[in-house]
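For reference, start-v3.pdb is printed below; it contains PDB, C-alpha atoms, pLDDT in the B column.
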```
ATOM      1  CA  MET A   1     -11.804 -18.655 -92.215  1.00 84.00           C
ATOM      2  CA  ALA A   2     -10.486 -17.881 -95.691  1.00 88.00           C
ATOM      3  CA  ASP A   3      -9.109 -20.312 -98.243  1.00 90.00           C
ATOM      4  CA  VAL A   4      -5.798 -19.369 -99.822  1.00 91.00           C
ATOM      5  CA  LYS A   5      -4.001 -21.047-102.680  1.00 93.00           C
ATOM      6  CA  LEU A   6      -0.220 -20.761-102.528  1.00 92.00           C
ATOM      7  CA  THR A   7       2.486 -21.905-104.917  1.00 91.00           C
ATOM      8  CA  ILE A   8       5.943 -22.476-103.473  1.00 90.00           C
ATOM      9  CA  ALA A   9       8.814 -24.009-105.416  1.00 87.00           C
ATOM     10  CA  GLY A  10       6.369 -24.988-108.143  1.00 87.00           C
ATOM     11  CA  ARG A  11       3.987 -26.896-105.891  1.00 89.00           C
ATOM     12  CA  PRO A  12       0.455 -25.639-105.121  1.00 91.00           C
ATOM     13  CA  TYR A  13      -0.802 -25.619-101.530  1.00 91.00           C
ATOM     14  CA  ASP A  14      -4.312 -25.049-100.201  1.00 90.00           C
ATOM     15  CA  LEU A  15      -4.273 -23.323 -96.828  1.00 89.00           C
ATOM     16  CA  HIS A  16      -6.754 -21.642 -94.501  1.00 88.00           C
ATOM     17  CA  CYS A  17      -6.217 -18.457 -92.603  1.00 90.00           C
ATOM     18  CA  ALA A  18      -8.186 -15.915 -90.615  1.00 89.00           C
ATOM     19  CA  ASP A  19     -10.333 -13.573 -92.647  1.00 90.00           C
ATOM     20  CA  GLY A  20      -8.359 -10.524 -93.692  1.00 91.00           C
ATOM     21  CA  GLN A  21      -5.003 -12.292 -93.427  1.00 90.00           C
ATOM     22  CA  GLU A  22      -5.014 -13.587 -97.011  1.00 91.00           C
ATOM     23  CA  SER A  23      -2.803 -10.940 -98.568  1.00 93.00           C
ATOM     24  CA  HIS A  24      -0.304 -11.194 -95.702  1.00 92.00           C
ATOM     25  CA  LEU A  25      -0.093 -14.974 -96.137  1.00 92.00           C
ATOM     26  CA  LEU A  26       0.371 -14.582 -99.911  1.00 94.00           C
ATOM     27  CA  GLN A  27       3.149 -12.062 -99.274  1.00 93.00           C
ATOM     28  CA  LEU A  28       4.968 -14.475 -96.896  1.00 93.00           C
ATOM     29  CA  ALA A  29       4.557 -17.306 -99.393  1.00 93.00           C
ATOM     30  CA  ALA A  30       6.080 -15.108-102.097  1.00 93.00           C
ATOM     31  CA  VAL A  31       9.140 -14.537 -99.883  1.00 92.00           C
ATOM     32  CA  VAL A  32       9.579 -18.274 -99.261  1.00 91.00           C
ATOM     33  CA  ASP A  33       9.048 -18.994-102.972  1.00 92.00           C
ATOM     34  CA  GLU A  34      11.656 -16.405-103.942  1.00 91.00           C
ATOM     35  CA  LYS A  35      14.222 -17.963-101.587  1.00 89.00           C
ATOM     36  CA  ALA A  36      13.392 -21.466-102.822  1.00 88.00           C
ATOM     37  CA  ARG A  37      13.930 -20.396-106.429  1.00 87.00           C
ATOM     38  CA  GLU A  38      17.408 -19.088-105.571  1.00 85.00           C
ATOM     39  CA  MET A  39      18.543 -22.745-105.461  1.00 80.00           C
ATOM     40  CA  PRO A  40      17.494 -24.010-108.890  1.00 78.00           C
ATOM     41  CA  GLY A  41      18.199 -27.565-109.972  1.00 79.00           C
ATOM     42  CA  GLY A  42      17.837 -29.165-106.579  1.00 80.00           C
ATOM     43  CA  THR A  43      15.017 -31.272-105.338  1.00 86.00           C
ATOM     44  CA  GLU A  44      11.912 -29.543-104.018  1.00 85.00           C
ATOM     45  CA  VAL A  45      12.812 -30.572-100.464  1.00 86.00           C
ATOM     46  CA  ARG A  46      16.322 -29.192-100.864  1.00 86.00           C
ATOM     47  CA  GLN A  47      14.960 -25.918-102.267  1.00 87.00           C
ATOM     48  CA  LEU A  48      12.641 -25.596 -99.265  1.00 89.00           C
ATOM     49  CA  LEU A  49      15.524 -26.472 -96.911  1.00 89.00           C
ATOM     50  CA  VAL A  50      17.723 -23.756 -98.402  1.00 87.00           C
ATOM     51  CA  ALA A  51      14.819 -21.266 -98.253  1.00 89.00           C
ATOM     52  CA  ALA A  52      14.219 -22.136 -94.576  1.00 91.00           C
ATOM     53  CA  LEU A  53      17.942 -21.751 -93.762  1.00 91.00           C
ATOM     54  CA  MET A  54      18.211 -18.396 -95.555  1.00 90.00           C
ATOM     55  CA  LEU A  55      15.119 -17.092 -93.798  1.00 92.00           C
ATOM     56  CA  ALA A  56      16.407 -18.373 -90.419  1.00 92.00           C
ATOM     57  CA  ASP A  57      19.703 -16.586 -91.113  1.00 92.00           C
ATOM     58  CA  ALA A  58      17.874 -13.341 -91.953  1.00 91.00           C
ATOM     59  CA  ALA A  59      15.738 -13.652 -88.798  1.00 92.00           C
ATOM     60  CA  GLN A  60      18.823 -14.245 -86.626  1.00 92.00           C
ATOM     61  CA  GLU A  61      20.624 -11.264 -88.139  1.00 92.00           C
ATOM     62  CA  ALA A  62      17.612  -9.031 -87.547  1.00 92.00           C
ATOM     63  CA  LYS A  63      17.418 -10.190 -83.927  1.00 91.00           C
ATOM     64  CA  GLY A  64      21.119  -9.424 -83.444  1.00 90.00           C
ATOM     65  CA  LYS A  65      20.642  -5.912 -84.840  1.00 89.00           C
ATOM     66  CA  ILE A  66      17.827  -5.257 -82.396  1.00 87.00           C
ATOM     67  CA  GLU A  67      19.909  -6.488 -79.450  1.00 85.00           C
ATOM     68  CA  ARG A  68      22.898  -4.371 -80.496  1.00 85.00           C
ATOM     69  CA  SER A  69      20.742  -1.260 -80.815  1.00 83.00           C
ATOM     70  CA  GLU A  70      19.166  -1.699 -77.383  1.00 82.00           C
ATOM     71  CA  PRO A  71      21.992  -0.057 -75.340  1.00 80.00           C
ATOM     72  CA  GLN A  72      21.953   2.876 -77.767  1.00 82.00           C
ATOM     73  CA  SER A  73      18.201   3.111 -77.349  1.00 82.00           C
ATOM     74  CA  ASP A  74      18.652   3.060 -73.566  1.00 83.00           C
ATOM     75  CA  SER A  75      21.099   5.980 -73.655  1.00 84.00           C
ATOM     76  CA  LEU A  76      18.806   7.868 -76.014  1.00 86.00           C
ATOM     77  CA  ARG A  77      15.894   7.274 -73.678  1.00 87.00           C
ATOM     78  CA  ALA A  78      18.023   8.469 -70.719  1.00 87.00           C
ATOM     79  CA  ALA A  79      19.066  11.588 -72.658  1.00 87.00           C
ATOM     80  CA  VAL A  80      15.457  12.316 -73.556  1.00 89.00           C
ATOM     81  CA  ALA A  81      14.396  11.840 -69.904  1.00 89.00           C
ATOM     82  CA  LEU A  82      17.195  14.175 -68.738  1.00 88.00           C
ATOM     83  CA  ALA A  83      16.251  16.804 -71.310  1.00 88.00           C
ATOM     84  CA  GLU A  84      12.603  16.518 -70.297  1.00 88.00           C
ATOM     85  CA  SER A  85      13.426  16.921 -66.593  1.00 87.00           C
ATOM     86  CA  ARG A  86      15.645  19.944 -67.352  1.00 87.00           C
ATOM     87  CA  GLU A  87      12.912  21.452 -69.476  1.00 87.00           C
ATOM     88  CA  ALA A  88      10.426  20.926 -66.633  1.00 87.00           C
ATOM     89  CA  ALA A  89      12.821  22.529 -64.120  1.00 87.00           C
ATOM     90  CA  ALA A  90      13.422  25.482 -66.447  1.00 87.00           C
ATOM     91  CA  ARG A  91       9.666  25.860 -66.948  1.00 87.00           C
ATOM     92  CA  ASP A  92       9.161  25.848 -63.171  1.00 88.00           C
ATOM     93  CA  GLU A  93      11.890  28.465 -62.669  1.00 88.00           C
ATOM     94  CA  LEU A  94      10.419  30.613 -65.420  1.00 85.00           C
ATOM     95  CA  GLY A  95       6.980  30.322 -63.859  1.00 86.00           C
ATOM     96  CA  ALA A  96       8.332  31.324 -60.452  1.00 87.00           C
ATOM     97  CA  ALA A  97      10.233  34.265 -61.952  1.00 85.00           C
ATOM     98  CA  LEU A  98       7.140  35.454 -63.816  1.00 84.00           C
ATOM     99  CA  LYS A  99       5.099  35.152 -60.632  1.00 85.00           C
ATOM    100  CA  GLU A 100       7.698  37.166 -58.709  1.00 84.00           C
ATOM    101  CA  LEU A 101       7.777  39.762 -61.465  1.00 80.00           C
ATOM    102  CA  GLU A 102       3.993  40.034 -61.390  1.00 81.00           C
ATOM    103  CA  THR A 103       4.066  40.447 -57.588  1.00 82.00           C
ATOM    104  CA  MET A 104       6.689  43.183 -57.917  1.00 73.00           C
ATOM    105  CA  ARG A 105       4.638  44.861 -60.644  1.00 73.00           C
ATOM    106  CA  ARG A 106       1.527  44.883 -58.451  1.00 75.00           C
ATOM    107  CA  ALA A 107       3.410  46.130 -55.379  1.00 68.00           C
ATOM    108  CA  PRO A 108       3.084  49.856 -54.738  1.00 61.00           C
ATOM    109  CA  ALA A 109       6.074  51.907 -55.765  1.00 52.00           C
ATOM    110  CA  PRO A 110       8.360  52.790 -52.843  1.00 54.00           C
ATOM    111  CA  SER A 111       7.520  56.212 -51.528  1.00 56.00           C
ATOM    112  CA  PHE A 112       9.901  58.597 -49.856  1.00 60.00           C
ATOM    113  CA  SER A 113       8.420  60.718 -47.156  1.00 70.00           C
ATOM    114  CA  PRO A 114       8.590  64.451 -47.901  1.00 73.00           C
ATOM    115  CA  SER A 115      10.797  65.036 -44.846  1.00 74.00           C
ATOM    116  CA  ASN A 116      13.267  62.361 -45.997  1.00 77.00           C
ATOM    117  CA  ASN A 117      13.322  63.849 -49.467  1.00 77.00           C
ATOM    118  CA  ARG A 118      14.061  67.304 -48.062  1.00 81.00           C
ATOM    119  CA  ALA A 119      16.800  65.866 -45.842  1.00 82.00           C
ATOM    120  CA  LEU A 120      18.305  64.057 -48.826  1.00 83.00           C
ATOM    121  CA  LEU A 121      18.386  67.251 -50.833  1.00 87.00           C
ATOM    122  CA  GLN A 122      19.958  69.160 -47.929  1.00 87.00           C
ATOM    123  CA  ILE A 123      22.605  66.457 -47.476  1.00 88.00           C
ATOM    124  CA  ALA A 124      23.421  66.649 -51.187  1.00 89.00           C
ATOM    125  CA  GLU A 125      23.896  70.408 -50.882  1.00 91.00           C
ATOM    126  CA  ARG A 126      26.047  70.056 -47.737  1.00 90.00           C
ATOM    127  CA  ILE A 127      28.277  67.397 -49.296  1.00 90.00           C
ATOM    128  CA  GLU A 128      28.672  69.535 -52.421  1.00 91.00           C
ATOM    129  CA  THR A 129      29.749  72.427 -50.203  1.00 90.00           C
ATOM    130  CA  LEU A 130      32.177  70.114 -48.395  1.00 88.00           C
ATOM    131  CA  ALA A 131      33.569  68.958 -51.734  1.00 89.00           C
ATOM    132  CA  ALA A 132      34.185  72.582 -52.773  1.00 90.00           C
ATOM    133  CA  LYS A 133      35.961  73.248 -49.446  1.00 86.00           C
ATOM    134  CA  VAL A 134      38.110  70.114 -49.743  1.00 85.00           C
ATOM    135  CA  GLU A 135      39.041  71.038 -53.285  1.00 86.00           C
ATOM    136  CA  GLN A 136      40.201  74.451 -52.023  1.00 85.00           C
ATOM    137  CA  LEU A 137      42.361  73.026 -49.237  1.00 78.00           C
ATOM    138  CA  PRO A 138      45.916  74.280 -49.504  1.00 74.00           C
TER     139      PRO A 138
ATOM    140  CA  MET B   1       9.124  71.642 -53.119  1.00 46.00           C
ATOM    141  CA  GLU B   2       8.266  67.952 -52.616  1.00 48.00           C
ATOM    142  CA  LEU B   3      10.587  65.500 -54.307  1.00 46.00           C
ATOM    143  CA  ASP B   4       9.276  62.475 -56.141  1.00 52.00           C
ATOM    144  CA  LEU B   5      11.256  59.260 -56.618  1.00 56.00           C
ATOM    145  CA  ASP B   6      13.132  60.545 -59.670  1.00 65.00           C
ATOM    146  CA  GLU B   7      14.162  63.702 -57.865  1.00 72.00           C
ATOM    147  CA  SER B   8      15.346  61.609 -54.898  1.00 76.00           C
ATOM    148  CA  SER B   9      17.469  59.593 -57.299  1.00 79.00           C
ATOM    149  CA  MET B  10      18.886  62.822 -58.657  1.00 82.00           C
ATOM    150  CA  ALA B  11      19.736  63.968 -55.116  1.00 84.00           C
ATOM    151  CA  ILE B  12      21.519  60.653 -54.508  1.00 84.00           C
ATOM    152  CA  GLY B  13      23.387  61.168 -57.796  1.00 86.00           C
ATOM    153  CA  ARG B  14      24.483  64.604 -56.620  1.00 89.00           C
ATOM    154  CA  ILE B  15      25.738  63.070 -53.340  1.00 89.00           C
ATOM    155  CA  GLU B  16      27.681  60.399 -55.235  1.00 88.00           C
ATOM    156  CA  ARG B  17      29.297  62.953 -57.521  1.00 91.00           C
ATOM    157  CA  ALA B  18      30.221  65.219 -54.586  1.00 89.00           C
ATOM    158  CA  LEU B  19      31.754  62.263 -52.690  1.00 89.00           C
ATOM    159  CA  SER B  20      33.716  61.388 -55.811  1.00 89.00           C
ATOM    160  CA  ARG B  21      35.022  64.984 -55.994  1.00 90.00           C
ATOM    161  CA  ILE B  22      36.087  64.800 -52.319  1.00 88.00           C
ATOM    162  CA  GLU B  23      37.843  61.459 -52.861  1.00 88.00           C
ATOM    163  CA  LYS B  24      39.645  62.813 -55.906  1.00 89.00           C
ATOM    164  CA  ALA B  25      40.739  66.000 -54.105  1.00 87.00           C
ATOM    165  CA  LEU B  26      41.984  64.063 -51.059  1.00 85.00           C
ATOM    166  CA  THR B  27      43.876  61.577 -53.253  1.00 86.00           C
ATOM    167  CA  ALA B  28      45.519  64.414 -55.176  1.00 87.00           C
ATOM    168  CA  ARG B  29      46.428  66.125 -51.900  1.00 83.00           C
ATOM    169  CA  ALA B  30      47.964  62.939 -50.475  1.00 82.00           C
ATOM    170  CA  ASN B  31      50.010  62.430 -53.633  1.00 83.00           C
ATOM    171  CA  ARG B  32      51.486  65.896 -53.510  1.00 79.00           C
ATOM    172  CA  PRO B  33      55.234  65.717 -52.600  1.00 74.00           C
ATOM    173  CA  THR B  34      54.944  68.295 -49.788  1.00 64.00           C
ATOM    174  CA  VAL B  35      52.155  70.362 -48.335  1.00 55.00           C
ATOM    175  CA  ALA B  36      53.313  73.940 -48.680  1.00 56.00           C
ATOM    176  CA  VAL B  37      50.838  75.583 -46.373  1.00 60.00           C
ATOM    177  CA  ALA B  38      48.633  73.819 -43.824  1.00 63.00           C
ATOM    178  CA  ALA B  39      45.030  74.923 -43.449  1.00 65.00           C
ATOM    179  CA  PRO B  40      44.298  76.953 -40.351  1.00 72.00           C
ATOM    180  CA  ALA B  41      43.333  74.821 -37.350  1.00 75.00           C
ATOM    181  CA  ALA B  42      39.942  76.530 -37.036  1.00 76.00           C
ATOM    182  CA  ASP B  43      39.082  75.714 -40.683  1.00 76.00           C
ATOM    183  CA  GLN B  44      40.124  72.110 -40.196  1.00 77.00           C
ATOM    184  CA  SER B  45      37.945  71.786 -37.088  1.00 82.00           C
ATOM    185  CA  ALA B  46      34.972  73.315 -38.893  1.00 83.00           C
ATOM    186  CA  LEU B  47      35.474  70.903 -41.801  1.00 82.00           C
ATOM    187  CA  LYS B  48      35.675  67.911 -39.464  1.00 84.00           C
ATOM    188  CA  ALA B  49      32.564  69.053 -37.616  1.00 86.00           C
ATOM    189  CA  GLU B  50      30.664  69.438 -40.888  1.00 85.00           C
ATOM    190  CA  VAL B  51      31.762  65.961 -42.047  1.00 85.00           C
ATOM    191  CA  ALA B  52      30.649  64.480 -38.704  1.00 86.00           C
ATOM    192  CA  ALA B  53      27.317  66.323 -38.924  1.00 87.00           C
ATOM    193  CA  VAL B  54      26.639  65.107 -42.464  1.00 85.00           C
ATOM    194  CA  ILE B  55      27.544  61.539 -41.487  1.00 86.00           C
ATOM    195  CA  GLY B  56      25.202  61.820 -38.494  1.00 86.00           C
ATOM    196  CA  GLU B  57      22.389  63.100 -40.714  1.00 84.00           C
ATOM    197  CA  LEU B  58      22.966  60.237 -43.172  1.00 82.00           C
ATOM    198  CA  ASP B  59      22.917  57.716 -40.309  1.00 83.00           C
ATOM    199  CA  ARG B  60      19.608  59.156 -39.134  1.00 83.00           C
ATOM    200  CA  LEU B  61      18.117  58.902 -42.640  1.00 80.00           C
ATOM    201  CA  ILE B  62      19.360  55.325 -43.090  1.00 78.00           C
ATOM    202  CA  ALA B  63      17.922  54.278 -39.724  1.00 81.00           C
ATOM    203  CA  GLU B  64      14.600  55.878 -40.653  1.00 78.00           C
ATOM    204  CA  ALA B  65      14.564  54.088 -44.018  1.00 73.00           C
ATOM    205  CA  ASP B  66      15.336  50.752 -42.268  1.00 72.00           C
ATOM    206  CA  ARG B  67      12.330  51.266 -40.026  1.00 74.00           C
ATOM    207  CA  GLY B  68      10.218  51.784 -43.172  1.00 63.00           C
TER     208      GLY B  68
END
```

Can you present the structure in this file as structure tokens?
Amino acid sequence: MADVKLTIAGRPYDLHCADGQESHLLQLAAVVDEKAREMPGGTEVRQLLVAALMLADAAQEAKGKIERSEPQSDSLRAAVALAESREAAARDELGAALKELETMRRAPAPSFSPSNNRALLQIAERIETLAAKVEQLP
Amino acid sequence: MELDLDESSMAIGRIERALSRIEKALTARANRPTVAVAAPAADQSALKAEVAAVIGELDRLIAEADRG
């Protein structure tokens, strides 16, 4: 345990706290002392009362702010979750597309049999001849 | 001469262009106000027979391609 000497509203106090907590306790005491000094001229008890009330008011206001921001935080969390799920779905789709592309790349190129190729060429020639005949129709 | 894939594509392109010429000629013929002179019956029969033969040949090729 550590010994700490505090001064609030002009009165010294000797307190104990856990080791390492001294500076934090001194900082809190400084806040209380500052609030107490905002009510000069009153009795020490009244100064401490005003300090306690002002600090209670600040604590209540801070609590209210947290409660008011909670719904907004919820919608932000929901938006983040939605974006994350969409990103995951898009990543999955991209992965599947890449896999399909890789499969297509590895697949052997379609081959036309020589007889089919010859037939295709002959058909082209026959249709061209037909086109010339149709164009010459009276 | 053996065709490779690119040459097959070129043959298909030739077929498409020829079909387009036929379609254009037939459309122009249908839009003419009157047909002055009809083609001889023998020519018309030969034309029809050639069209039927080409269609038959295409059907055969398509069926062969479907079978892989």

Atomic separation - atom CA of A:Thr7 relative to atom CA of A:Ala62, Å: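 Computed distance, atom CA of A:Ala62 to atom CA of A:Thr7, equals 26.4 Å.
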
Of A:Leu130, A:Pro138, A:Pro12, A:Leu6, the one sitting nearest B:Ser20 when using all atoms listed in the file is A:Leu130

Report the residues retrieved by the PyMOL selection byres ((chain A) within 9 of (chain B)) from the displayed file, expressed as an MDAnalysis selection string. chainID A and resid 110:138

Take every atom of stretch 3-19 of chain A listed in the file, pad by 8 Å on each side, and give me the axis-aligned box centre and edge lengths in Å, one decimal, as JSON.
```
{"center_x": -0.8, "center_y": -20.2, "center_z": -99.4, "size_x": 35.1, "size_y": 29.3, "size_z": 33.5}
```

One number please: atom CA of A:Ala29 to atom CA of A:Ile8, in Å, one decimal. 6.7 Å

How many Å lie between atom CA of A:Cys17 and atom CA of A:Lys5, rounded to one decimal? 10.6 Å

Check what the PyMOL selection byres ((chain A and resi 48-54) around 12) selects in the file above and give those residues as a short mmCIF file (atom, residue, chain, number, x, y, z; two decimals) with C-alpha atoms, in the coordinates of the input.
```cif
data_model
loop_
_atom_site.label_atom_id
_atom_site.label_comp_id
_atom_site.auth_asym_id
_atom_site.auth_seq_id
_atom_site.Cartn_x
_atom_site.Cartn_y
_atom_site.Cartn_z
CA ILE A 8 5.94 -22.48 -103.47
CA ALA A 9 8.81 -24.01 -105.42
CA GLY A 10 6.37 -24.99 -108.14
CA ARG A 11 3.99 -26.90 -105.89
CA ALA A 29 4.56 -17.31 -99.39
CA ALA A 30 6.08 -15.11 -102.10
CA VAL A 31 9.14 -14.54 -99.88
CA VAL A 32 9.58 -18.27 -99.26
CA ASP A 33 9.05 -18.99 -102.97
CA GLU A 34 11.66 -16.40 -103.94
CA LYS A 35 14.22 -17.96 -101.59
CA ALA A 36 13.39 -21.47 -102.82
CA ARG A 37 13.93 -20.40 -106.43
CA GLU A 38 17.41 -19.09 -105.57
CA MET A 39 18.54 -22.74 -105.46
CA PRO A 40 17.49 -24.01 -108.89
CA GLY A 42 17.84 -29.16 -106.58
CA THR A 43 15.02 -31.27 -105.34
CA GLU A 44 11.91 -29.54 -104.02
CA VAL A 45 12.81 -30.57 -100.46
CA ARG A 46 16.32 -29.19 -100.86
CA GLN A 47 14.96 -25.92 -102.27
CA LEU A 55 15.12 -17.09 -93.80
CA ALA A 56 16.41 -18.37 -90.42
CA ASP A 57 19.70 -16.59 -91.11
CA ALA A 58 17.87 -13.34 -91.95
CA ALA A 59 15.74 -13.65 -88.80
CA GLN A 60 18.82 -14.24 -86.63
CA GLU A 61 20.62 -11.26 -88.14
#
```
